[in-house]
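Engineer: Below you'll find model-v9.cif; it's mmCIF, C-alpha atoms.
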data_protein
#
loop_
_atom_site.group_PDB
_atom_site.id
_atom_site.type_symbol
_atom_site.label_atom_id
_atom_site.label_comp_id
_atom_site.auth_asym_id
_atom_site.auth_seq_id
_atom_site.Cartn_x
_atom_site.Cartn_y
_atom_site.Cartn_z
ATOM 1 C CA MET E 1 -27.212 -38.224 40.905
ATOM 2 C CA PRO E 2 -25.620 -37.532 37.503
ATOM 3 C CA ASN E 3 -22.570 -39.632 36.697
ATOM 4 C CA PHE E 4 -19.183 -38.287 35.731
ATOM 5 C CA GLN E 5 -19.847 -38.498 31.977
ATOM 6 C CA GLU E 6 -23.091 -36.527 32.274
ATOM 7 C CA SER E 7 -21.366 -33.866 34.394
ATOM 8 C CA LEU E 8 -18.537 -33.630 31.884
ATOM 9 C CA HIS E 9 -21.074 -33.277 29.061
ATOM 10 C CA HIS E 10 -22.822 -30.406 30.834
ATOM 11 C CA MET E 11 -19.497 -28.724 31.544
ATOM 12 C CA ARG E 12 -18.578 -28.994 27.856
ATOM 13 C CA ASP E 13 -21.915 -27.467 26.825
ATOM 14 C CA ASP E 14 -21.395 -24.598 29.247
ATOM 15 C CA LEU E 15 -17.864 -24.051 27.960
ATOM 16 C CA VAL E 16 -19.033 -23.883 24.339
ATOM 17 C CA ALA E 17 -21.767 -21.411 25.244
ATOM 18 C CA PHE E 18 -19.213 -19.375 27.155
ATOM 19 C CA THR E 19 -16.466 -19.227 24.526
ATOM 20 C CA GLU E 20 -18.943 -18.347 21.769
ATOM 21 C CA ARG E 21 -19.572 -15.013 23.503
ATOM 22 C CA ILE E 22 -15.923 -13.988 23.629
ATOM 23 C CA SER E 23 -14.540 -11.494 21.115
ATOM 24 C CA LEU E 24 -10.831 -10.930 20.483
ATOM 25 C CA ARG E 25 -11.650 -7.348 19.507
ATOM 26 C CA ASP E 26 -13.271 -6.776 22.903
ATOM 27 C CA LEU E 27 -10.308 -8.276 24.755
ATOM 28 C CA LEU E 28 -7.829 -6.092 22.863
ATOM 29 C CA GLY E 29 -10.026 -3.071 23.540
ATOM 30 C CA ILE E 30 -10.056 -3.853 27.272
ATOM 31 C CA LEU E 31 -6.264 -4.120 27.288
ATOM 32 C CA LEU E 32 -6.041 -0.758 25.527
ATOM 33 C CA GLY E 33 -8.554 0.830 27.910
ATOM 34 C CA SER E 34 -6.715 -0.484 30.970
ATOM 35 C CA ALA E 35 -3.406 0.845 29.647
ATOM 36 C CA ILE E 36 -4.943 4.293 29.128
ATOM 37 C CA VAL E 37 -6.412 4.320 32.653
ATOM 38 C CA ALA E 38 -3.032 3.328 34.104
ATOM 39 C CA VAL E 39 -1.296 6.100 32.133
ATOM 40 C CA GLY E 40 -3.764 8.653 33.464
ATOM 41 C CA MET E 41 -3.298 7.475 37.040
ATOM 42 C CA GLN E 42 0.482 7.106 37.080
ATOM 43 C CA GLY E 43 1.225 9.965 34.701
ATOM 44 C CA VAL E 44 -1.124 12.635 36.053
ATOM 45 C CA ILE E 45 -3.391 11.827 38.993
ATOM 46 C CA ILE E 46 -0.981 10.196 41.436
ATOM 47 C CA PRO E 47 1.881 12.713 40.937
ATOM 48 C CA ALA E 48 -0.617 15.553 41.515
ATOM 49 C CA GLY E 49 -1.755 14.026 44.801
ATOM 50 C CA LEU E 50 -5.290 13.509 43.460
ATOM 51 C CA LEU E 51 -7.611 10.548 43.718
ATOM 52 C CA THR E 52 -9.589 8.315 41.371
ATOM 53 C CA GLY E 53 -12.964 6.828 42.193
ATOM 54 C CA GLY E 54 -13.847 3.368 43.424
ATOM 55 C CA VAL E 55 -11.421 0.653 44.464
ATOM 56 C CA SER E 56 -8.500 2.258 42.618
ATOM 57 C CA GLY E 57 -8.981 5.344 44.804
ATOM 58 C CA VAL E 58 -8.843 3.194 47.932
ATOM 59 C CA ALA E 59 -5.671 1.583 46.578
ATOM 60 C CA ILE E 60 -4.104 5.047 46.110
ATOM 61 C CA ILE E 61 -4.919 6.000 49.720
ATOM 62 C CA VAL E 62 -3.504 2.759 51.138
ATOM 63 C CA ALA E 63 -0.414 3.026 48.918
ATOM 64 C CA ARG E 64 0.334 6.484 50.319
ATOM 65 C CA LEU E 65 0.045 5.178 53.859
ATOM 66 C CA THR E 66 2.034 1.974 53.365
ATOM 67 C CA ALA E 67 4.270 2.675 50.320
ATOM 68 C CA TRP E 68 2.980 -0.556 48.779
ATOM 69 C CA ASP E 69 2.684 -0.920 45.010
ATOM 70 C CA ILE E 70 -0.672 0.420 43.792
ATOM 71 C CA GLY E 71 -1.025 -2.279 41.139
ATOM 72 C CA LEU E 72 -0.598 -5.036 43.711
ATOM 73 C CA LEU E 73 -3.001 -3.377 46.149
ATOM 74 C CA TYR E 74 -5.625 -2.983 43.431
ATOM 75 C CA LEU E 75 -5.330 -6.658 42.529
ATOM 76 C CA LEU E 76 -5.586 -7.837 46.152
ATOM 77 C CA MET E 77 -8.630 -5.647 46.822
ATOM 78 C CA ASN E 78 -10.446 -7.085 43.832
ATOM 79 C CA ILE E 79 -10.036 -10.734 44.873
ATOM 80 C CA PRO E 80 -12.839 -10.762 47.501
ATOM 81 C CA ILE E 81 -15.044 -8.681 45.179
ATOM 82 C CA PHE E 82 -14.708 -11.266 42.415
ATOM 83 C CA ILE E 83 -15.372 -14.124 44.831
ATOM 84 C CA ALA E 84 -18.528 -12.429 46.129
ATOM 85 C CA GLY E 85 -19.807 -11.217 42.778
ATOM 86 C CA PHE E 86 -18.906 -14.008 40.370
ATOM 87 C CA ARG E 87 -22.412 -15.513 40.403
ATOM 88 C CA SER E 88 -24.071 -12.102 40.094
ATOM 89 C CA ILE E 89 -22.675 -11.264 36.648
ATOM 90 C CA SER E 90 -22.579 -12.991 33.298
ATOM 91 C CA TYR E 91 -19.683 -15.263 32.417
ATOM 92 C CA ARG E 92 -18.484 -12.906 29.710
ATOM 93 C CA PHE E 93 -18.603 -9.838 31.964
ATOM 94 C CA ALA E 94 -16.743 -11.833 34.646
ATOM 95 C CA LEU E 95 -14.011 -12.860 32.204
ATOM 96 C CA TYR E 96 -13.726 -9.394 30.667
ATOM 97 C CA SER E 97 -13.606 -7.767 34.115
ATOM 98 C CA LEU E 98 -10.945 -10.243 35.210
ATOM 99 C CA VAL E 99 -8.871 -9.345 32.146
ATOM 100 C CA GLY E 100 -9.433 -5.660 32.877
ATOM 101 C CA THR E 101 -8.447 -6.013 36.522
ATOM 102 C CA LEU E 102 -5.301 -8.041 35.828
ATOM 103 C CA SER E 103 -4.204 -5.773 32.978
ATOM 104 C CA LEU E 104 -4.874 -2.564 34.914
ATOM 105 C CA SER E 105 -2.939 -3.912 37.884
ATOM 106 C CA GLY E 106 -0.066 -4.934 35.622
ATOM 107 C CA PHE E 107 0.027 -1.640 33.737
ATOM 108 C CA LEU E 108 -0.042 0.340 36.994
ATOM 109 C CA THR E 109 3.005 -1.573 38.213
ATOM 110 C CA LEU E 110 4.769 -1.327 34.834
ATOM 111 C CA PHE E 111 4.252 2.415 34.431
ATOM 112 C CA ALA E 112 5.340 3.040 38.021
ATOM 113 C CA TRP E 113 8.532 1.104 37.315
ATOM 114 C CA LEU E 114 9.051 3.089 34.091
ATOM 115 C CA GLY E 115 8.516 6.346 35.989
ATOM 116 C CA VAL E 116 5.719 7.596 33.736
ATOM 117 C CA ASN E 117 4.963 11.215 34.644
ATOM 118 C CA PHE E 118 3.544 13.914 32.387
ATOM 119 C CA GLY E 119 5.085 16.606 34.566
ATOM 120 C CA VAL E 120 1.925 18.735 34.807
ATOM 121 C CA ASP E 121 2.458 21.153 37.698
ATOM 122 C CA ASP E 122 -0.866 23.001 37.606
ATOM 123 C CA LEU E 123 -3.459 21.304 39.837
ATOM 124 C CA LEU E 124 -6.457 22.307 37.719
ATOM 125 C CA LEU E 125 -4.825 21.082 34.521
ATOM 126 C CA SER E 126 -3.933 17.814 36.263
ATOM 127 C CA THR E 127 -7.559 17.415 37.351
ATOM 128 C CA VAL E 128 -8.918 17.973 33.845
ATOM 129 C CA LEU E 129 -6.267 15.915 32.043
ATOM 130 C CA GLY E 130 -6.406 13.050 34.545
ATOM 131 C CA GLY E 131 -10.193 12.930 34.407
ATOM 132 C CA VAL E 132 -10.258 12.886 30.612
ATOM 133 C CA ILE E 133 -7.584 10.188 30.267
ATOM 134 C CA THR E 134 -9.007 7.835 32.901
ATOM 135 C CA GLY E 135 -12.540 8.430 31.592
ATOM 136 C CA LEU E 136 -11.389 7.617 28.062
ATOM 137 C CA GLY E 137 -9.855 4.323 29.192
ATOM 138 C CA SER E 138 -12.833 3.341 31.337
ATOM 139 C CA GLY E 139 -15.219 4.243 28.518
ATOM 140 C CA ILE E 140 -13.334 1.970 26.129
ATOM 141 C CA ASN E 141 -13.595 -0.856 28.668
ATOM 142 C CA LEU E 142 -17.351 -0.399 28.999
ATOM 143 C CA ARG E 143 -17.798 -0.106 25.239
ATOM 144 C CA CYS E 144 -16.071 -3.481 24.956
ATOM 145 C CA HIS E 145 -18.547 -4.949 27.506
ATOM 146 C CA GLY E 146 -15.949 -5.133 30.271
ATOM 147 C CA SER E 147 -14.681 -3.118 33.202
ATOM 148 C CA GLY E 148 -11.750 -2.747 35.535
ATOM 149 C CA GLY E 149 -13.548 -4.714 38.244
ATOM 150 C CA GLY E 150 -13.923 -3.172 41.685
ATOM 151 C CA LEU E 151 -16.882 -0.859 42.131
ATOM 152 C CA ASP E 152 -18.356 -1.875 38.748
ATOM 153 C CA ILE E 153 -18.948 -5.415 40.008
ATOM 154 C CA ILE E 154 -20.285 -4.188 43.351
ATOM 155 C CA ALA E 155 -22.742 -1.969 41.473
ATOM 156 C CA VAL E 156 -23.994 -4.911 39.396
ATOM 157 C CA MET E 157 -24.406 -7.001 42.576
ATOM 158 C CA MET E 158 -26.461 -4.244 44.223
ATOM 159 C CA LYS E 159 -28.615 -4.004 41.106
ATOM 160 C CA ARG E 160 -29.268 -7.749 41.012
ATOM 161 C CA TYR E 161 -29.918 -8.360 44.708
ATOM 162 C CA ARG E 162 -31.185 -5.023 46.047
ATOM 163 C CA GLY E 163 -32.583 -3.307 42.971
ATOM 164 C CA VAL E 164 -30.310 -0.305 43.544
ATOM 165 C CA ASN E 165 -29.533 1.728 40.443
ATOM 166 C CA ILE E 166 -25.967 1.198 39.197
ATOM 167 C CA GLY E 167 -25.311 4.928 39.024
ATOM 168 C CA SER E 168 -26.467 5.385 42.620
ATOM 169 C CA THR E 169 -24.083 2.690 43.845
ATOM 170 C CA MET E 170 -21.188 4.233 41.927
ATOM 171 C CA MET E 171 -21.963 7.665 43.350
ATOM 172 C CA ALA E 172 -22.273 6.359 46.914
ATOM 173 C CA GLY E 173 -18.990 4.463 46.585
ATOM 174 C CA ASN E 174 -17.159 7.517 45.295
ATOM 175 C CA ILE E 175 -18.562 9.680 48.095
ATOM 176 C CA ILE E 176 -17.254 7.181 50.649
ATOM 177 C CA VAL E 177 -13.816 7.235 48.983
ATOM 178 C CA LEU E 178 -13.752 11.043 49.016
ATOM 179 C CA ALA E 179 -14.827 11.127 52.673
ATOM 180 C CA ALA E 180 -11.996 8.747 53.573
ATOM 181 C CA PHE E 181 -9.546 10.855 51.542
ATOM 182 C CA LEU E 182 -10.480 13.881 53.630
ATOM 183 C CA PHE E 183 -8.815 12.263 56.676
ATOM 184 C CA PHE E 184 -5.485 12.007 54.833
ATOM 185 C CA SER E 185 -5.534 15.193 52.757
ATOM 186 C CA ASN E 186 -7.024 18.685 52.714
ATOM 187 C CA ILE E 187 -10.372 19.927 51.467
ATOM 188 C CA GLU E 188 -8.800 21.486 48.372
ATOM 189 C CA MET E 189 -7.433 18.164 47.136
ATOM 190 C CA VAL E 190 -10.754 16.454 47.890
ATOM 191 C CA LEU E 191 -12.682 19.028 45.879
ATOM 192 C CA PHE E 192 -10.289 18.828 42.937
ATOM 193 C CA SER E 193 -10.587 15.028 43.047
ATOM 194 C CA ALA E 194 -14.386 15.360 42.996
ATOM 195 C CA ILE E 195 -14.118 17.582 39.913
ATOM 196 C CA GLY E 196 -11.922 14.911 38.335
ATOM 197 C CA PHE E 197 -14.590 12.293 39.107
ATOM 198 C CA PHE E 198 -17.175 14.389 37.281
ATOM 199 C CA ILE E 199 -14.962 14.970 34.245
ATOM 200 C CA SER E 200 -14.130 11.275 34.106
ATOM 201 C CA SER E 201 -17.808 10.243 34.304
ATOM 202 C CA ARG E 202 -18.787 12.624 31.499
ATOM 203 C CA THR E 203 -15.943 11.318 29.348
ATOM 204 C CA ILE E 204 -17.057 7.742 30.038
ATOM 205 C CA ASP E 205 -20.587 8.596 28.891
ATOM 206 C CA ALA E 206 -19.280 10.215 25.702
ATOM 207 C CA VAL E 207 -17.062 7.247 24.831
ATOM 208 C CA GLU E 208 -19.499 4.493 25.812
ATOM 209 C CA SER E 209 -22.593 5.973 24.146
ATOM 210 C CA GLY E 210 -20.800 7.841 21.366
ATOM 211 C CA LEU E 211 -20.467 11.531 20.673
ATOM 212 C CA SER E 212 -23.349 11.640 18.180
ATOM 213 C CA VAL E 213 -26.565 12.165 20.113
ATOM 214 C CA THR E 214 -29.610 11.087 18.142
ATOM 215 C CA LYS E 215 -32.959 12.868 18.207
ATOM 216 C CA THR E 216 -36.376 11.308 18.741
ATOM 217 C CA ALA E 217 -39.363 13.287 17.496
ATOM 218 C CA PHE E 218 -43.081 12.898 18.211
ATOM 219 C CA ILE E 219 -45.157 14.503 15.463
ATOM 220 C CA ILE E 220 -48.876 15.256 15.707
ATOM 221 C CA SER E 221 -50.401 16.342 12.417
ATOM 222 C CA SER E 222 -53.506 15.931 10.321
ATOM 223 C CA GLN E 223 -51.166 15.197 7.390
ATOM 224 C CA ASN E 224 -49.505 12.240 9.073
ATOM 225 C CA GLU E 225 -49.667 9.954 6.011
ATOM 226 C CA GLU E 226 -47.801 12.408 3.750
ATOM 227 C CA ILE E 227 -45.261 13.199 6.466
ATOM 228 C CA ARG E 228 -44.663 9.529 7.269
ATOM 229 C CA THR E 229 -44.179 8.644 3.583
ATOM 230 C CA HIS E 230 -41.656 11.426 2.954
ATOM 231 C CA ILE E 231 -39.696 10.625 6.141
ATOM 232 C CA MET E 232 -39.206 7.044 4.985
ATOM 233 C CA GLU E 233 -38.467 7.988 1.366
ATOM 234 C CA ASN E 234 -36.166 10.979 2.006
ATOM 235 C CA LEU E 235 -34.576 10.310 5.404
ATOM 236 C CA HIS E 236 -34.671 6.517 5.091
ATOM 237 C CA ARG E 237 -35.860 6.183 8.684
ATOM 238 C CA GLY E 238 -38.640 3.970 9.910
ATOM 239 C CA CYS E 239 -41.597 5.412 11.785
ATOM 240 C CA THR E 240 -43.869 4.143 14.521
ATOM 241 C CA ILE E 241 -47.511 5.204 14.470
ATOM 242 C CA ILE E 242 -49.082 5.642 17.902
ATOM 243 C CA ASP E 243 -52.788 6.111 18.557
ATOM 244 C CA GLY E 244 -53.404 9.378 20.414
ATOM 245 C CA HIS E 245 -56.391 11.039 22.021
ATOM 246 C CA GLY E 246 -56.586 14.774 22.711
ATOM 247 C CA GLY E 247 -57.178 15.513 26.375
ATOM 248 C CA TRP E 248 -58.730 18.916 25.649
ATOM 249 C CA SER E 249 -60.229 18.414 22.176
ATOM 250 C CA GLY E 250 -61.362 14.841 22.741
ATOM 251 C CA GLN E 251 -60.339 13.972 19.182
ATOM 252 C CA ASP E 252 -58.478 10.843 18.093
ATOM 253 C CA TYR E 253 -55.320 11.279 16.028
ATOM 254 C CA LYS E 254 -52.138 9.511 14.941
ATOM 255 C CA VAL E 255 -48.726 10.329 16.442
ATOM 256 C CA ILE E 256 -45.587 9.680 14.397
ATOM 257 C CA MET E 257 -42.530 8.662 16.396
ATOM 258 C CA VAL E 258 -39.215 8.729 14.547
ATOM 259 C CA THR E 259 -35.565 8.672 15.603
ATOM 260 C CA VAL E 260 -33.025 10.415 13.376
ATOM 261 C CA ALA E 261 -29.391 11.441 13.451
ATOM 262 C CA ARG E 262 -28.734 14.944 14.744
ATOM 263 C CA ASN E 263 -27.803 16.246 11.298
ATOM 264 C CA GLN E 264 -31.116 14.933 9.907
ATOM 265 C CA LEU E 265 -33.244 16.997 12.290
ATOM 266 C CA PRO E 266 -33.416 20.164 10.102
ATOM 267 C CA HIS E 267 -34.550 18.053 7.128
ATOM 268 C CA LEU E 268 -37.170 16.357 9.320
ATOM 269 C CA LYS E 269 -38.585 19.739 10.376
ATOM 270 C CA GLU E 270 -38.628 20.876 6.763
ATOM 271 C CA ILE E 271 -40.676 17.831 5.754
ATOM 272 C CA VAL E 272 -43.141 18.226 8.630
ATOM 273 C CA PHE E 273 -43.836 21.941 8.229
ATOM 274 C CA THR E 274 -43.960 21.759 4.438
ATOM 275 C CA PHE E 275 -47.077 19.626 4.726
ATOM 276 C CA ASP E 276 -48.515 21.092 7.916
ATOM 277 C CA GLN E 277 -47.475 24.482 9.295
ATOM 278 C CA HIS E 278 -49.646 23.854 12.346
ATOM 279 C CA ALA E 279 -48.083 20.493 13.232
ATOM 280 C CA PHE E 280 -47.148 19.875 16.867
ATOM 281 C CA VAL E 281 -43.618 18.469 17.207
ATOM 282 C CA ILE E 282 -41.749 17.332 20.324
ATOM 283 C CA VAL E 283 -38.004 16.651 19.983
ATOM 284 C CA HIS E 284 -35.699 15.275 22.667
ATOM 285 C CA ASP E 285 -32.201 13.810 22.885
ATOM 286 C CA SER E 286 -31.737 10.056 22.772
ATOM 287 C CA THR E 287 -28.307 9.325 24.187
ATOM 288 C CA GLU E 288 -28.415 5.691 23.058
ATOM 289 C CA VAL E 289 -30.540 3.992 20.413
ATOM 290 C CA ILE E 290 -30.232 0.243 19.918
ATOM 291 C CA GLY E 291 -31.680 -1.412 16.836
ATOM 292 C CA ARG E 292 -31.570 -1.536 13.060
ATOM 293 C CA GLY E 293 -29.978 1.554 11.564
ATOM 294 C CA PHE E 294 -28.316 2.556 14.824
ATOM 295 C CA LYS E 295 -26.431 0.405 17.355
ATOM 296 C CA ALA E 296 -26.480 -3.379 17.528
ATOM 297 C CA GLY E 297 -27.913 -4.791 20.737
ATOM 298 C CA ASP E 298 -25.949 -7.041 23.072
ATOM 299 C CA ALA E 299 -25.952 -8.016 26.716
ATOM 300 C CA ASP E 300 -23.600 -5.990 28.883
ATOM 301 C CA PHE E 301 -23.567 -8.034 32.083
#
Represent the structure contained in this file as structure tokens.
Structural biologist:
Amino acid sequence: MPNFQESLHHMRDDLVAFTERISLRDLLGILLGSAIVAVGMQGVIIPAGLLTGGVSGVAIIVARLTAWDIGLLYLLMNIPIFIAGFRSISYRFALYSLVGTLSLSGFLTLFAWLGVNFGVDDLLLSTVLGGVITGLGSGINLRCHGSGGGLDIIAVMMKRYRGVNIGSTMMAGNIIVLAAFLFFSNIEMVLFSAIGFFISSRTIDAVESGLSVTKTAFIISSQNEEIRTHIMENLHRGCTIIDGHGGWSGQDYKVIMVTVARNQLPHLKEIVFTFDQHAFVIVHDSTEVIGRGFKAGDADF
């Protein structure tokens, strides 16, 4: 068995590896994101009688039944989730999620005490505004490699142990929350809450992946050398050359794969069809591109 000094040495090594992954910018971003989520909940969603997704939605339901503080309920509900999921997620994601959970709980309590309320009387406007604000805050948390805990950690656990897609777990959890809400509210409020879920999820995607969608093009042309050269010289984008084989013609050819910014797409087409008016081009959206010239890669969980 290892002695105390060896154990202490291993603990120190683990601590160094752990602290090296922590970023003050990420932590400040998580605090900001949690504050924005709490503003959206206390200022819009809760006064309108609507619901958020995940564990925070469960906390809202229980708070309405018991008159307990939502921030405290959210914190208590996350304790068993953290205990169960701590070993399923990375140390950094665990720390960042802990910061997000504690800060969101604290901000919910603070803003309730301050009486934050945007005073939006229209239910549809409350749904849209609440979804956008909470989605903005949650997106900032995810962009900073953290979360508010709750359903996010459960989703990662299901991915690790059961192979269930994270999005599927989130959707299933939100459906369960909405079904439970139906017992304590009416169908109209449930449907408006569901619309808010959708708006929030789309806002999260926009914030986490960025508003600028890149384009990936596959180009099949007999003039592939000229096209490739001008793409690199004029657009300053690298290309990947893929060996292709025509299923109908039986001929071998080269396929150029290139990813460009959306505003570079017209220039790309101009280059391609200047050299070959009969070129075959396939273009599709790439919501996230990680690598040189685009977004730096990093582990999320």
Engineer: I'd like to know which of E:Ile271, E:Leu123, E:His145, E:Gly196 is closest to Thr229 (chain E), using only C-alpha atoms.
Structural biologist: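 The closest residue to Thr229 (chain E) is E:Ile271.
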Engineer: Residues at most 10 Å from Leu125 (chain E), counting all atoms listed in the file, excluding those fewer than 5 positions away in the same chain, as a PyMOL selection string?
Structural biologist: chain E and resi 44+48+120+130-131
Engineer: On this file, the PyMOL selection byres ((chain E and resi 75) around 10) gives some set of residues; write that set as a ChimeraX atom specification.
Structural biologist: /E:55-56,59,70-74,76-80,98,101-106,149-150
Engineer: For Ala279 (chain E), which residue out of E:Asn263, E:Gln42, E:Ser222, E:Asn234 is the nearest one, using all atoms listed in the file?
Structural biologist: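 Of the candidates, the smallest distance to Ala279 (chain E) is held by E:Ser222.
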Engineer: Distance CA of Ile204 (chain E)-CA of Phe118 (chain E), one decimal place?
Structural biologist: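 So the answer is 21.6 Å.
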Engineer: Kindly resolve the PyMOL selection byres ((chain E and resi 182-195) around 9) on the present coordinates and return the residues as a list in words.
Structural biologist: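 On this input, the PyMOL selection byres ((chain E and resi 182-195) around 9) captures Ile45, Gly49, Leu50, Leu51, Thr52, Gly53, Ile61, Leu65, Leu123, Leu124, Thr127, Val128, Gly131, Asn174, Ile175, Val177, Leu178, Ala179, Ala180, Phe181, Gly196, Phe197, Phe198, Ile199 and Ser200 of chain E.
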Engineer: For CA of Ile176 (chain E) and CA of Gly57 (chain E), determine how far apart the two atoms are, in Å to one decimal place.
Structural biologist: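 Taking CA of Ile176 (chain E) and CA of Gly57 (chain E), their separation equals 10.3 Å.
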Engineer: If we draw a sphere of 12 Å around (-6.3, 8.6, 28.7), which residues have at least one atom in it when counting all atoms listed in the file? Please report them as a ChimeraX atom specification.
Structural biologist: /E:32-45,118,128-141,200,203-204,207
Engineer: Which one is closest to Gly100 (chain E): E:Glu226, E:Val156, E:Asp243, E:Gly148? Count all atoms listed in the file.
Structural biologist: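 Nearest to Gly100 (chain E): E:Gly148.
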Engineer: Kindly give the distance, in Å, that separates CA of Leu235 (chain E) and CA of Thr214 (chain E), rounded to a single decimal.
Structural biologist: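 Distance reported for this atom pair: 13.7 Å.
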Engineer: Pull out every residue that the PyMOL selection byres ((chain E and resi 155) around 10) matches in the shown coordinates and put them as a PyMOL selection string.
Structural biologist: chain E and resi 85+150-154+156-160+164-173
Engineer: Quick one: everything within 12 Å of Ser221 (chain E), counting all atoms listed in the file, minus sequence neighbours fewer than 5 positions away in the same chain. Send it as an MDAnalysis selection string.
Structural biologist: chainID E and resid 226:228 241 244 252:257 271:282
Engineer: Would you compute, for all listed atoms of region 221-227 of chain E, the axis-aligned bounding box grown by 5 Å on each side, and then report its centre and edge lengths in Å rounded to one decimal, as JSON?
Structural biologist:
{"center_x": -49.4, "center_y": 13.1, "center_z": 8.1, "size_x": 18.2, "size_y": 16.4, "size_z": 18.7}
Engineer: Nearest to Glu208 (chain E) among E:Arg143, E:Gly115, E:Ser126, E:Arg87, with distances taken over all atoms listed in the file: which residue is it?
Structural biologist: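 Checking each of E:Arg143, E:Gly115, E:Ser126, E:Arg87 against Glu208 (chain E), counting all atoms listed in the file, the winner is E:Arg143.
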Engineer: Could you check which of E:Gly163, E:Gly250, E:Gly29, E:Gly54 is closest to Val99 (chain E), using all atoms listed in the file?
Structural biologist: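 Of all the options, E:Gly29 lies closest to Val99 (chain E).
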Engineer: For a quick check of understanding, using only C-alpha atoms, which of E:Gly247, E:Pro47, E:Lys215, E:Asp122 has the smallest distance to Ile60 (chain E)?
Structural biologist: E:Pro47
